[in-house]
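*Asks:* What follows is input18.txt; its format and atoms are compact mmCIF, N, CA and C atoms.
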```txt
# COMPACT_ATOMS: atom_id res chain seq x y z
N MET A 30 49.67 -2.85 27.17
CA MET A 30 49.62 -4.22 26.70
C MET A 30 49.78 -4.27 25.18
N LYS A 31 50.34 -5.36 24.72
CA LYS A 31 50.62 -5.53 23.29
C LYS A 31 49.43 -6.16 22.58
N ASN A 32 49.18 -5.70 21.37
CA ASN A 32 48.18 -6.34 20.52
C ASN A 32 48.68 -7.71 20.11
N TYR A 33 47.72 -8.58 19.80
CA TYR A 33 48.03 -9.90 19.27
C TYR A 33 47.92 -9.85 17.76
N GLN A 34 48.71 -10.70 17.10
CA GLN A 34 48.63 -10.81 15.65
C GLN A 34 48.64 -12.28 15.28
N GLY A 35 47.91 -12.62 14.23
CA GLY A 35 47.88 -14.01 13.79
C GLY A 35 47.16 -14.14 12.47
N VAL A 36 46.83 -15.39 12.13
CA VAL A 36 46.17 -15.68 10.86
C VAL A 36 44.93 -16.53 11.14
N ILE A 37 43.84 -16.16 10.49
CA ILE A 37 42.61 -16.95 10.56
C ILE A 37 42.27 -17.35 9.13
N ILE A 38 42.01 -18.64 8.93
CA ILE A 38 41.61 -19.14 7.61
C ILE A 38 40.08 -19.08 7.55
N GLU A 39 39.60 -18.24 6.65
CA GLU A 39 38.14 -18.01 6.58
C GLU A 39 37.38 -19.32 6.40
N GLU A 40 37.90 -20.22 5.57
CA GLU A 40 37.20 -21.48 5.30
C GLU A 40 37.13 -22.39 6.52
N SER A 41 37.89 -22.09 7.56
CA SER A 41 37.87 -22.92 8.77
C SER A 41 36.68 -22.59 9.67
N LEU A 42 36.00 -21.50 9.38
CA LEU A 42 34.93 -21.02 10.25
C LEU A 42 33.55 -21.43 9.75
N GLU A 43 32.76 -22.04 10.62
CA GLU A 43 31.35 -22.32 10.28
C GLU A 43 30.59 -21.00 10.23
N SER A 44 30.86 -20.14 11.20
CA SER A 44 30.24 -18.82 11.25
C SER A 44 31.33 -17.78 11.05
N LYS A 45 31.12 -16.89 10.10
CA LYS A 45 32.13 -15.86 9.79
C LYS A 45 31.92 -14.58 10.62
N GLU A 46 30.94 -14.60 11.52
CA GLU A 46 30.59 -13.40 12.30
C GLU A 46 31.80 -12.81 13.03
N VAL A 47 32.65 -13.68 13.56
CA VAL A 47 33.79 -13.21 14.34
C VAL A 47 34.71 -12.31 13.51
N LEU A 48 34.77 -12.54 12.21
CA LEU A 48 35.64 -11.72 11.34
C LEU A 48 35.22 -10.25 11.33
N LYS A 49 33.94 -9.99 11.59
CA LYS A 49 33.44 -8.61 11.61
C LYS A 49 33.94 -7.86 12.84
N LYS A 50 34.40 -8.60 13.86
CA LYS A 50 34.83 -7.99 15.12
C LYS A 50 36.34 -7.82 15.20
N ILE A 51 37.04 -8.24 14.16
CA ILE A 51 38.51 -8.26 14.18
C ILE A 51 39.04 -7.34 13.10
N LYS A 52 40.16 -6.68 13.42
CA LYS A 52 40.83 -5.85 12.40
C LYS A 52 41.64 -6.77 11.49
N ILE A 53 41.28 -6.81 10.20
CA ILE A 53 42.01 -7.61 9.22
C ILE A 53 43.05 -6.71 8.57
N ILE A 54 44.32 -7.09 8.71
CA ILE A 54 45.43 -6.29 8.18
C ILE A 54 45.66 -6.59 6.71
N SER A 55 45.60 -7.88 6.36
CA SER A 55 45.80 -8.28 4.96
C SER A 55 45.12 -9.62 4.73
N THR A 56 44.90 -9.93 3.45
CA THR A 56 44.26 -11.19 3.07
C THR A 56 45.02 -11.79 1.90
N LYS A 57 45.22 -13.10 1.97
CA LYS A 57 45.92 -13.82 0.91
C LYS A 57 45.10 -15.07 0.59
N VAL A 58 44.92 -15.36 -0.68
CA VAL A 58 44.19 -16.57 -1.10
C VAL A 58 45.19 -17.57 -1.65
N GLU A 59 45.14 -18.80 -1.12
CA GLU A 59 46.02 -19.87 -1.58
C GLU A 59 45.19 -20.96 -2.23
N PRO A 60 45.55 -21.42 -3.43
CA PRO A 60 44.86 -22.59 -3.98
C PRO A 60 45.24 -23.83 -3.16
N ILE A 61 44.33 -24.77 -3.08
CA ILE A 61 44.55 -25.98 -2.28
C ILE A 61 45.49 -26.95 -3.01
N THR A 62 46.43 -27.50 -2.25
CA THR A 62 47.28 -28.59 -2.75
C THR A 62 47.07 -29.79 -1.83
N ASN A 63 47.66 -30.92 -2.17
CA ASN A 63 47.54 -32.11 -1.32
C ASN A 63 48.07 -31.86 0.09
N GLU A 64 49.09 -31.01 0.21
CA GLU A 64 49.67 -30.73 1.53
C GLU A 64 48.69 -30.08 2.48
N HIS A 65 47.71 -29.35 1.96
CA HIS A 65 46.74 -28.67 2.83
C HIS A 65 45.85 -29.67 3.57
N LYS A 66 45.66 -30.85 3.00
CA LYS A 66 44.81 -31.90 3.59
C LYS A 66 43.36 -31.45 3.75
N THR A 67 42.89 -30.62 2.82
CA THR A 67 41.48 -30.18 2.83
C THR A 67 40.90 -30.32 1.42
N PRO A 68 40.75 -31.56 0.93
CA PRO A 68 40.33 -31.77 -0.46
C PRO A 68 38.91 -31.27 -0.76
N TRP A 69 38.10 -31.01 0.27
CA TRP A 69 36.74 -30.52 0.05
C TRP A 69 36.71 -29.03 -0.28
N LEU A 70 37.87 -28.36 -0.24
CA LEU A 70 37.96 -26.93 -0.54
C LEU A 70 38.79 -26.69 -1.79
N SER A 71 38.55 -25.56 -2.44
CA SER A 71 39.37 -25.19 -3.60
C SER A 71 40.43 -24.16 -3.23
N GLN A 72 40.23 -23.48 -2.09
CA GLN A 72 41.21 -22.46 -1.69
C GLN A 72 41.14 -22.23 -0.18
N TRP A 73 42.20 -21.62 0.35
CA TRP A 73 42.22 -21.10 1.71
C TRP A 73 42.31 -19.59 1.59
N THR A 74 41.48 -18.88 2.34
CA THR A 74 41.54 -17.42 2.42
C THR A 74 42.15 -17.09 3.78
N LEU A 75 43.40 -16.64 3.75
CA LEU A 75 44.13 -16.39 5.00
C LEU A 75 44.09 -14.90 5.34
N HIS A 76 43.47 -14.61 6.48
CA HIS A 76 43.37 -13.22 6.95
C HIS A 76 44.41 -13.02 8.05
N THR A 77 45.32 -12.08 7.85
CA THR A 77 46.22 -11.68 8.93
C THR A 77 45.45 -10.66 9.76
N VAL A 78 45.37 -10.91 11.06
CA VAL A 78 44.52 -10.10 11.93
C VAL A 78 45.31 -9.51 13.09
N LYS A 79 44.77 -8.40 13.61
CA LYS A 79 45.32 -7.77 14.80
C LYS A 79 44.19 -7.70 15.83
N ILE A 80 44.49 -8.14 17.06
CA ILE A 80 43.48 -8.20 18.10
C ILE A 80 44.00 -7.49 19.34
N PRO A 81 43.26 -6.51 19.87
CA PRO A 81 43.71 -5.84 21.08
C PRO A 81 43.78 -6.81 22.26
N ASP A 82 44.76 -6.60 23.10
CA ASP A 82 44.98 -7.46 24.26
C ASP A 82 43.70 -7.65 25.08
N ASN A 83 42.96 -6.58 25.29
CA ASN A 83 41.78 -6.67 26.16
C ASN A 83 40.61 -7.41 25.51
N GLU A 84 40.71 -7.75 24.23
CA GLU A 84 39.65 -8.51 23.54
C GLU A 84 40.09 -9.93 23.19
N ALA A 85 41.35 -10.25 23.43
CA ALA A 85 41.92 -11.51 22.93
C ALA A 85 41.20 -12.74 23.47
N LYS A 86 40.93 -12.78 24.77
CA LYS A 86 40.30 -13.97 25.35
C LYS A 86 38.90 -14.17 24.77
N GLU A 87 38.13 -13.10 24.70
CA GLU A 87 36.76 -13.17 24.17
C GLU A 87 36.77 -13.60 22.70
N ILE A 88 37.67 -13.05 21.91
CA ILE A 88 37.77 -13.41 20.48
C ILE A 88 38.19 -14.88 20.35
N ALA A 89 39.15 -15.31 21.17
CA ALA A 89 39.59 -16.71 21.13
C ALA A 89 38.41 -17.64 21.41
N GLU A 90 37.59 -17.29 22.39
CA GLU A 90 36.43 -18.14 22.72
C GLU A 90 35.43 -18.18 21.57
N GLU A 91 35.22 -17.04 20.92
CA GLU A 91 34.29 -17.01 19.79
C GLU A 91 34.83 -17.82 18.61
N ILE A 92 36.12 -17.69 18.34
CA ILE A 92 36.73 -18.49 17.25
C ILE A 92 36.59 -19.97 17.56
N SER A 93 36.85 -20.36 18.81
CA SER A 93 36.78 -21.76 19.21
C SER A 93 35.39 -22.35 18.94
N LYS A 94 34.36 -21.56 19.17
CA LYS A 94 32.98 -22.03 18.93
C LYS A 94 32.63 -21.98 17.44
N SER A 95 33.39 -21.21 16.65
CA SER A 95 33.07 -21.02 15.24
C SER A 95 33.79 -21.98 14.30
N LEU A 96 34.85 -22.64 14.78
CA LEU A 96 35.63 -23.51 13.90
C LEU A 96 34.81 -24.69 13.40
N ASP A 97 35.01 -25.03 12.16
CA ASP A 97 34.30 -26.10 11.47
C ASP A 97 34.46 -27.42 12.20
N ARG A 98 33.34 -28.07 12.49
CA ARG A 98 33.41 -29.38 13.16
C ARG A 98 33.04 -30.51 12.21
N ASN A 99 32.77 -30.19 10.94
CA ASN A 99 32.32 -31.21 9.99
C ASN A 99 33.44 -32.01 9.36
N HIS A 100 34.67 -31.62 9.57
CA HIS A 100 35.79 -32.33 8.93
C HIS A 100 36.78 -32.78 9.99
N GLY A 101 36.27 -33.49 10.99
CA GLY A 101 37.13 -34.06 12.02
C GLY A 101 37.70 -33.04 12.99
N GLY A 102 37.19 -31.83 12.96
CA GLY A 102 37.68 -30.82 13.90
C GLY A 102 39.13 -30.46 13.70
N SER A 103 39.64 -30.68 12.48
CA SER A 103 41.08 -30.52 12.27
C SER A 103 41.46 -29.11 11.79
N TRP A 104 40.87 -28.12 12.42
CA TRP A 104 41.24 -26.73 12.15
C TRP A 104 41.74 -26.10 13.44
N TYR A 105 42.57 -25.10 13.30
CA TYR A 105 42.91 -24.28 14.45
C TYR A 105 43.17 -22.87 13.94
N ALA A 106 43.18 -21.94 14.87
CA ALA A 106 43.59 -20.56 14.57
C ALA A 106 44.55 -20.18 15.69
N ASP A 107 45.40 -19.20 15.43
CA ASP A 107 46.28 -18.75 16.50
C ASP A 107 46.65 -17.30 16.32
N PHE A 108 46.94 -16.67 17.44
CA PHE A 108 47.49 -15.32 17.42
C PHE A 108 48.35 -15.15 18.65
N LYS A 109 49.34 -14.27 18.53
CA LYS A 109 50.31 -14.13 19.61
C LYS A 109 50.80 -12.70 19.71
N ASN A 110 51.36 -12.39 20.89
CA ASN A 110 52.10 -11.14 21.06
C ASN A 110 53.49 -11.53 21.57
N ASP A 111 54.21 -10.59 22.14
CA ASP A 111 55.59 -10.89 22.56
C ASP A 111 55.68 -11.92 23.68
N THR A 112 54.64 -12.03 24.50
CA THR A 112 54.73 -12.88 25.68
C THR A 112 53.80 -14.10 25.67
N HIS A 113 52.67 -14.00 24.98
CA HIS A 113 51.69 -15.08 25.02
C HIS A 113 51.18 -15.45 23.63
N HIS A 114 50.67 -16.68 23.54
CA HIS A 114 50.23 -17.24 22.27
C HIS A 114 48.91 -17.98 22.52
N TYR A 115 47.86 -17.56 21.85
CA TYR A 115 46.60 -18.30 21.88
C TYR A 115 46.61 -19.27 20.72
N ILE A 116 46.39 -20.55 21.02
CA ILE A 116 46.23 -21.57 19.98
C ILE A 116 44.84 -22.15 20.21
N ILE A 117 44.00 -22.01 19.18
CA ILE A 117 42.56 -22.21 19.36
C ILE A 117 42.08 -23.35 18.48
N PHE A 118 41.52 -24.36 19.12
CA PHE A 118 40.89 -25.48 18.43
C PHE A 118 39.39 -25.40 18.71
N ARG A 119 38.61 -26.22 18.03
CA ARG A 119 37.17 -26.29 18.32
C ARG A 119 37.00 -26.73 19.77
N ASP A 120 36.39 -25.91 20.59
CA ASP A 120 36.08 -26.20 21.99
C ASP A 120 37.30 -26.41 22.88
N LYS A 121 38.49 -25.96 22.45
CA LYS A 121 39.66 -26.04 23.33
C LYS A 121 40.63 -24.92 22.97
N ILE A 122 41.04 -24.18 23.99
CA ILE A 122 41.94 -23.04 23.78
C ILE A 122 43.18 -23.23 24.65
N PHE A 123 44.34 -23.07 24.03
CA PHE A 123 45.60 -23.06 24.77
C PHE A 123 46.06 -21.61 24.87
N TYR A 124 46.32 -21.16 26.10
CA TYR A 124 46.87 -19.82 26.33
C TYR A 124 48.29 -20.07 26.83
N ILE A 125 49.26 -19.84 25.96
CA ILE A 125 50.62 -20.32 26.20
C ILE A 125 51.58 -19.18 26.52
N ASP A 126 52.36 -19.41 27.55
CA ASP A 126 53.50 -18.54 27.84
C ASP A 126 54.55 -18.89 26.80
N ARG A 127 54.96 -17.92 26.00
CA ARG A 127 55.85 -18.21 24.86
C ARG A 127 57.22 -18.72 25.28
N LYS A 128 57.52 -18.72 26.57
CA LYS A 128 58.79 -19.28 27.04
C LYS A 128 58.64 -20.76 27.43
N SER A 129 57.44 -21.30 27.37
CA SER A 129 57.18 -22.64 27.87
C SER A 129 57.13 -23.68 26.77
N LYS A 130 58.21 -24.44 26.64
CA LYS A 130 58.24 -25.54 25.66
C LYS A 130 57.16 -26.58 26.00
N GLU A 131 56.95 -26.83 27.29
CA GLU A 131 55.97 -27.83 27.72
C GLU A 131 54.56 -27.46 27.25
N GLN A 132 54.20 -26.19 27.38
CA GLN A 132 52.87 -25.76 26.96
C GLN A 132 52.73 -25.88 25.44
N TYR A 133 53.77 -25.54 24.70
CA TYR A 133 53.73 -25.71 23.25
C TYR A 133 53.61 -27.19 22.87
N ASP A 134 54.35 -28.04 23.57
CA ASP A 134 54.30 -29.48 23.29
C ASP A 134 52.88 -30.02 23.50
N GLU A 135 52.21 -29.53 24.55
CA GLU A 135 50.86 -29.98 24.84
C GLU A 135 49.90 -29.58 23.71
N ALA A 136 50.01 -28.35 23.23
CA ALA A 136 49.14 -27.88 22.14
C ALA A 136 49.43 -28.65 20.86
N LYS A 137 50.70 -28.91 20.59
CA LYS A 137 51.09 -29.65 19.39
C LYS A 137 50.53 -31.08 19.45
N SER A 138 50.67 -31.75 20.59
CA SER A 138 50.16 -33.12 20.75
C SER A 138 48.65 -33.15 20.55
N TYR A 139 47.98 -32.15 21.10
CA TYR A 139 46.52 -32.09 20.95
C TYR A 139 46.15 -31.94 19.47
N GLY A 140 46.82 -31.05 18.76
CA GLY A 140 46.54 -30.86 17.33
C GLY A 140 46.76 -32.13 16.54
N ILE A 141 47.86 -32.83 16.81
CA ILE A 141 48.15 -34.09 16.11
C ILE A 141 47.08 -35.12 16.42
N SER A 142 46.59 -35.14 17.67
CA SER A 142 45.55 -36.10 18.06
C SER A 142 44.25 -35.87 17.29
N LEU A 143 44.06 -34.66 16.77
CA LEU A 143 42.87 -34.35 15.97
C LEU A 143 43.06 -34.72 14.50
N GLY A 144 44.29 -35.13 14.15
CA GLY A 144 44.57 -35.49 12.76
C GLY A 144 45.17 -34.36 11.95
N ILE A 145 45.58 -33.30 12.60
CA ILE A 145 46.23 -32.20 11.89
C ILE A 145 47.66 -32.64 11.58
N PRO A 146 48.12 -32.46 10.33
CA PRO A 146 49.50 -32.86 10.00
C PRO A 146 50.51 -32.15 10.91
N GLU A 147 51.54 -32.90 11.33
CA GLU A 147 52.51 -32.37 12.29
C GLU A 147 53.14 -31.06 11.84
N TYR A 148 53.44 -30.94 10.53
CA TYR A 148 54.11 -29.71 10.08
C TYR A 148 53.19 -28.49 10.22
N GLN A 149 51.88 -28.72 10.31
CA GLN A 149 50.94 -27.59 10.46
C GLN A 149 50.78 -27.16 11.92
N VAL A 150 51.24 -27.97 12.86
CA VAL A 150 51.11 -27.62 14.28
C VAL A 150 52.48 -27.39 14.92
N ASP A 151 53.43 -26.96 14.12
CA ASP A 151 54.76 -26.67 14.63
C ASP A 151 54.76 -25.24 15.16
N PHE A 152 54.20 -25.06 16.36
CA PHE A 152 54.00 -23.74 16.93
C PHE A 152 55.25 -23.15 17.54
N HIS A 153 56.19 -24.01 17.93
CA HIS A 153 57.36 -23.57 18.69
C HIS A 153 58.14 -22.49 17.95
N PRO A 154 58.14 -21.27 18.47
CA PRO A 154 58.84 -20.20 17.77
C PRO A 154 60.35 -20.20 18.00
N GLU A 155 60.77 -20.72 19.14
CA GLU A 155 62.20 -20.64 19.48
C GLU A 155 62.78 -22.00 19.81
N VAL A 156 62.45 -22.99 19.01
CA VAL A 156 62.90 -24.35 19.31
C VAL A 156 64.41 -24.41 19.47
N GLU A 157 65.13 -23.74 18.58
CA GLU A 157 66.60 -23.79 18.64
C GLU A 157 67.09 -23.24 19.99
N GLU A 158 66.43 -22.20 20.49
CA GLU A 158 66.85 -21.61 21.76
C GLU A 158 66.72 -22.61 22.90
N TRP A 159 65.62 -23.41 22.89
CA TRP A 159 65.40 -24.37 23.97
C TRP A 159 66.43 -25.49 23.93
N GLU A 160 66.97 -25.75 22.76
CA GLU A 160 67.90 -26.89 22.63
C GLU A 160 69.31 -26.52 23.02
N ARG A 161 69.58 -25.24 23.26
CA ARG A 161 70.93 -24.81 23.62
C ARG A 161 71.25 -25.14 25.05
```
Let me see the file written as structure tokens.
*Replies:*
Amino acid sequence: MKNYQGVIIEESLESKEVLKKIKIISTKVEPITNEHKTPWLSQWTLHTVKIPDNEAKEIAEEISKSLDRNHGGSWYADFKNDTHHYIIFRDKIFYIDRKSKEQYDEAKSYGISLGIPEYQVDFHPEVEEWER
């Protein structure tokens, strides 16, 4: 089975405990701009992570319970491998077959319904392929 890879924004987590259970490959700090839509923060700390396939579901559930609920629940985390993509919101997890435009559309609609800017929930990796 393939490992999953993705990005977790440290500031999105109420509890950082889950980060101790994940292999962090790299970390990048971004200063906040208006586009981030998080004026209560001064920066985003983006951790690129690798998660073994056999731990992915459990880690996704822990992230889902850890995401900040004080700012409208408008955070998500995601990680994917060649075949599947976990898109994780507070108390809701999408486990997506990467060939399914419908499943991606559902996750995107859900994110927008939480107030996440549309450009931040553009999960579709192969949109051009689906349009052919």
*Asks:* Smallest atom-to-atom distance to Val36 (chain A): which of A:Gln72, A:Thr77, A:Thr56, A:Thr67, using only C-alpha atoms?
*Replies:*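 With only C-alpha atoms as the atom set, the closest residue is A:Thr77.
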*Asks:* List every residue of chain A that DSSP, applied to the backbone, labels as strand (DSSP E), and write the result as a ChimeraX atom specification.
*Replies:* /A:33-38,52-60,72-80,105-109,113-118,121-126
*Asks:* Selected residues, N, CA and C atoms, written as a short mmCIF file (atom, residue, chain, number, x, y, z; two decimals), in the frame of the given file, please.
*Replies:*
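The resulting out_3.cif:
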```cif
data_model
loop_
_atom_site.label_atom_id
_atom_site.label_comp_id
_atom_site.auth_asym_id
_atom_site.auth_seq_id
_atom_site.Cartn_x
_atom_site.Cartn_y
_atom_site.Cartn_z
N TYR A 33 47.72 -8.58 19.80
CA TYR A 33 48.03 -9.90 19.27
C TYR A 33 47.92 -9.85 17.76
N GLN A 34 48.71 -10.70 17.10
CA GLN A 34 48.63 -10.81 15.65
C GLN A 34 48.64 -12.28 15.28
N GLY A 35 47.91 -12.62 14.23
CA GLY A 35 47.88 -14.01 13.79
C GLY A 35 47.16 -14.14 12.47
N VAL A 36 46.83 -15.39 12.13
CA VAL A 36 46.17 -15.68 10.86
C VAL A 36 44.93 -16.53 11.14
N ILE A 37 43.84 -16.16 10.49
CA ILE A 37 42.61 -16.95 10.56
C ILE A 37 42.27 -17.35 9.13
N ILE A 38 42.01 -18.64 8.93
CA ILE A 38 41.61 -19.14 7.61
C ILE A 38 40.08 -19.08 7.55
N LYS A 52 40.16 -6.68 13.42
CA LYS A 52 40.83 -5.85 12.40
C LYS A 52 41.64 -6.77 11.49
N ILE A 53 41.28 -6.81 10.20
CA ILE A 53 42.01 -7.61 9.22
C ILE A 53 43.05 -6.71 8.57
N ILE A 54 44.32 -7.09 8.71
CA ILE A 54 45.43 -6.29 8.18
C ILE A 54 45.66 -6.59 6.71
N SER A 55 45.60 -7.88 6.36
CA SER A 55 45.80 -8.28 4.96
C SER A 55 45.12 -9.62 4.73
N THR A 56 44.90 -9.93 3.45
CA THR A 56 44.26 -11.19 3.07
C THR A 56 45.02 -11.79 1.90
N LYS A 57 45.22 -13.10 1.97
CA LYS A 57 45.92 -13.82 0.91
C LYS A 57 45.10 -15.07 0.59
N VAL A 58 44.92 -15.36 -0.68
CA VAL A 58 44.19 -16.57 -1.10
C VAL A 58 45.19 -17.57 -1.65
N GLU A 59 45.14 -18.80 -1.12
CA GLU A 59 46.02 -19.87 -1.58
C GLU A 59 45.19 -20.96 -2.23
N PRO A 60 45.55 -21.42 -3.43
CA PRO A 60 44.86 -22.59 -3.98
C PRO A 60 45.24 -23.83 -3.16
N GLN A 72 40.23 -23.48 -2.09
CA GLN A 72 41.21 -22.46 -1.69
C GLN A 72 41.14 -22.23 -0.18
N TRP A 73 42.20 -21.62 0.35
CA TRP A 73 42.22 -21.10 1.71
C TRP A 73 42.31 -19.59 1.59
N THR A 74 41.48 -18.88 2.34
CA THR A 74 41.54 -17.42 2.42
C THR A 74 42.15 -17.09 3.78
N LEU A 75 43.40 -16.64 3.75
CA LEU A 75 44.13 -16.39 5.00
C LEU A 75 44.09 -14.90 5.34
N HIS A 76 43.47 -14.61 6.48
CA HIS A 76 43.37 -13.22 6.95
C HIS A 76 44.41 -13.02 8.05
N THR A 77 45.32 -12.08 7.85
CA THR A 77 46.22 -11.68 8.93
C THR A 77 45.45 -10.66 9.76
N VAL A 78 45.37 -10.91 11.06
CA VAL A 78 44.52 -10.10 11.93
C VAL A 78 45.31 -9.51 13.09
N LYS A 79 44.77 -8.40 13.61
CA LYS A 79 45.32 -7.77 14.80
C LYS A 79 44.19 -7.70 15.83
N ILE A 80 44.49 -8.14 17.06
CA ILE A 80 43.48 -8.20 18.10
C ILE A 80 44.00 -7.49 19.34
N TYR A 105 42.57 -25.10 13.30
CA TYR A 105 42.91 -24.28 14.45
C TYR A 105 43.17 -22.87 13.94
N ALA A 106 43.18 -21.94 14.87
CA ALA A 106 43.59 -20.56 14.57
C ALA A 106 44.55 -20.18 15.69
N ASP A 107 45.40 -19.20 15.43
CA ASP A 107 46.28 -18.75 16.50
C ASP A 107 46.65 -17.30 16.32
N PHE A 108 46.94 -16.67 17.44
CA PHE A 108 47.49 -15.32 17.42
C PHE A 108 48.35 -15.15 18.65
N LYS A 109 49.34 -14.27 18.53
CA LYS A 109 50.31 -14.13 19.61
C LYS A 109 50.80 -12.70 19.71
N HIS A 113 52.67 -14.00 24.98
CA HIS A 113 51.69 -15.08 25.02
C HIS A 113 51.18 -15.45 23.63
N HIS A 114 50.67 -16.68 23.54
CA HIS A 114 50.23 -17.24 22.27
C HIS A 114 48.91 -17.98 22.52
N TYR A 115 47.86 -17.56 21.85
CA TYR A 115 46.60 -18.30 21.88
C TYR A 115 46.61 -19.27 20.72
N ILE A 116 46.39 -20.55 21.02
CA ILE A 116 46.23 -21.57 19.98
C ILE A 116 44.84 -22.15 20.21
N ILE A 117 44.00 -22.01 19.18
CA ILE A 117 42.56 -22.21 19.36
C ILE A 117 42.08 -23.35 18.48
N PHE A 118 41.52 -24.36 19.12
CA PHE A 118 40.89 -25.48 18.43
C PHE A 118 39.39 -25.40 18.71
N LYS A 121 38.49 -25.96 22.45
CA LYS A 121 39.66 -26.04 23.33
C LYS A 121 40.63 -24.92 22.97
N ILE A 122 41.04 -24.18 23.99
CA ILE A 122 41.94 -23.04 23.78
C ILE A 122 43.18 -23.23 24.65
N PHE A 123 44.34 -23.07 24.03
CA PHE A 123 45.60 -23.06 24.77
C PHE A 123 46.06 -21.61 24.87
N TYR A 124 46.32 -21.16 26.10
CA TYR A 124 46.87 -19.82 26.33
C TYR A 124 48.29 -20.07 26.83
N ILE A 125 49.26 -19.84 25.96
CA ILE A 125 50.62 -20.32 26.20
C ILE A 125 51.58 -19.18 26.52
N ASP A 126 52.36 -19.41 27.55
CA ASP A 126 53.50 -18.54 27.84
C ASP A 126 54.55 -18.89 26.80
#
```
*Asks:* Would you compute an axis-aligned box for region 63-80 of chain A, covering every atom listed for it in the file with 6 Å of margin on each side, and report centre and edge lengths in Å to one decimal as lines of an AutoDock Vina configuration file?
*Replies:*
```
center_x = 43.2
center_y = -19.8
center_z = 7.9
size_x = 25.0
size_y = 36.6
size_z = 34.9
```
*Asks:* Quick one: residues within 7 Å of Asp97 (chain A), only N, CA and C atoms counted, chain neighbours fewer than 2 positions away excluded, as a CSV table (one decimal) with N, CA and C atoms, keeping the file's coordinate frame?
*Replies:*
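result22.csv, written as the output of this step:
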```csv
chain,number,residue,atom,x,y,z
A,40,GLU,N,37.9,-20.2,5.6
A,40,GLU,CA,37.2,-21.5,5.3
A,40,GLU,C,37.1,-22.4,6.5
A,41,SER,N,37.9,-22.1,7.6
A,41,SER,CA,37.9,-22.9,8.8
A,41,SER,C,36.7,-22.6,9.7
A,42,LEU,N,36.0,-21.5,9.4
A,42,LEU,CA,34.9,-21.0,10.2
A,42,LEU,C,33.6,-21.4,9.8
A,43,GLU,N,32.8,-22.0,10.6
A,43,GLU,CA,31.4,-22.3,10.3
A,43,GLU,C,30.6,-21.0,10.2
A,44,SER,N,30.9,-20.1,11.2
A,44,SER,CA,30.2,-18.8,11.2
A,44,SER,C,31.3,-17.8,11.0
A,94,LYS,N,34.4,-21.6,19.2
A,94,LYS,CA,33.0,-22.0,18.9
A,94,LYS,C,32.6,-22.0,17.4
A,95,SER,N,33.4,-21.2,16.6
A,95,SER,CA,33.1,-21.0,15.2
A,95,SER,C,33.8,-22.0,14.3
A,99,ASN,N,32.8,-30.2,10.9
A,99,ASN,CA,32.3,-31.2,10.0
A,99,ASN,C,33.4,-32.0,9.4
A,100,HIS,N,34.7,-31.6,9.6
A,100,HIS,CA,35.8,-32.3,8.9
A,100,HIS,C,36.8,-32.8,10.0
A,101,GLY,N,36.3,-33.5,11.0
A,101,GLY,CA,37.1,-34.1,12.0
A,101,GLY,C,37.7,-33.0,13.0
A,102,GLY,N,37.2,-31.8,13.0
A,102,GLY,CA,37.7,-30.8,13.9
A,102,GLY,C,39.1,-30.5,13.7
A,103,SER,N,39.6,-30.7,12.5
A,103,SER,CA,41.1,-30.5,12.3
A,103,SER,C,41.5,-29.1,11.8
A,104,TRP,N,40.9,-28.1,12.4
A,104,TRP,CA,41.2,-26.7,12.2
A,104,TRP,C,41.7,-26.1,13.4
A,119,ARG,N,38.6,-26.2,18.0
A,119,ARG,CA,37.2,-26.3,18.3
A,119,ARG,C,37.0,-26.7,19.8
```
*Asks:* Name all residues at most 8 Å from Trp73 (chain A) (count only N, CA and C atoms; drop same-chain ones fewer than 6 positions away) and give them as a PyMOL selection string.
*Replies:* chain A and resi 37-41+57-62
*Asks:* Please produce a file of the residues just selected, as a compact mmCIF listing (two decimals), keeping the file's coordinate frame, where the atoms kept are N, CA and C atoms.
*Replies:*
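Below you can see selection-v6.txt, which holds the result:
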```txt
# COMPACT_ATOMS: atom_id res chain seq x y z
N ILE A 37 43.84 -16.16 10.49
CA ILE A 37 42.61 -16.95 10.56
C ILE A 37 42.27 -17.35 9.13
N ILE A 38 42.01 -18.64 8.93
CA ILE A 38 41.61 -19.14 7.61
C ILE A 38 40.08 -19.08 7.55
N GLU A 39 39.60 -18.24 6.65
CA GLU A 39 38.14 -18.01 6.58
C GLU A 39 37.38 -19.32 6.40
N GLU A 40 37.90 -20.22 5.57
CA GLU A 40 37.20 -21.48 5.30
C GLU A 40 37.13 -22.39 6.52
N SER A 41 37.89 -22.09 7.56
CA SER A 41 37.87 -22.92 8.77
C SER A 41 36.68 -22.59 9.67
N LYS A 57 45.22 -13.10 1.97
CA LYS A 57 45.92 -13.82 0.91
C LYS A 57 45.10 -15.07 0.59
N VAL A 58 44.92 -15.36 -0.68
CA VAL A 58 44.19 -16.57 -1.10
C VAL A 58 45.19 -17.57 -1.65
N GLU A 59 45.14 -18.80 -1.12
CA GLU A 59 46.02 -19.87 -1.58
C GLU A 59 45.19 -20.96 -2.23
N PRO A 60 45.55 -21.42 -3.43
CA PRO A 60 44.86 -22.59 -3.98
C PRO A 60 45.24 -23.83 -3.16
N ILE A 61 44.33 -24.77 -3.08
CA ILE A 61 44.55 -25.98 -2.28
C ILE A 61 45.49 -26.95 -3.01
N THR A 62 46.43 -27.50 -2.25
CA THR A 62 47.28 -28.59 -2.75
C THR A 62 47.07 -29.79 -1.83
```
*Asks:* Which one is closest to Lys137 (chain A): A:Tyr124, A:Thr74, A:Asp107, A:His153? Count only C-alpha atoms.
*Replies:*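 Selected residue with least distance to Lys137 (chain A): A:His153.
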*Asks:* Mind giving me the straight-line distance from CA of Val47 (chain A) to CA of Leu143 (chain A) in Å, one decimal?
*Replies:*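 About the pair CA of Val47 (chain A) and CA of Leu143 (chain A): they are 23.1 Å apart.
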*Asks:* Could you name the residues that touch Ile116 (chain A) at 8 Å or less, counting only C-alpha atoms, but leaving out those on the same chain fewer than 3 positions away, as a ChimeraX atom specification?
*Replies:* /A:105-108,122-125,136
*Asks:* Using only C-alpha atoms, which residue out of A:Ile141, A:Ile117, A:Leu48, A:Ile53 lies closest to Lys86 (chain A)?
*Replies:*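 Of A:Ile141, A:Ile117, A:Leu48, A:Ile53, the one nearest Lys86 (chain A), counting only C-alpha atoms, is A:Ile117.
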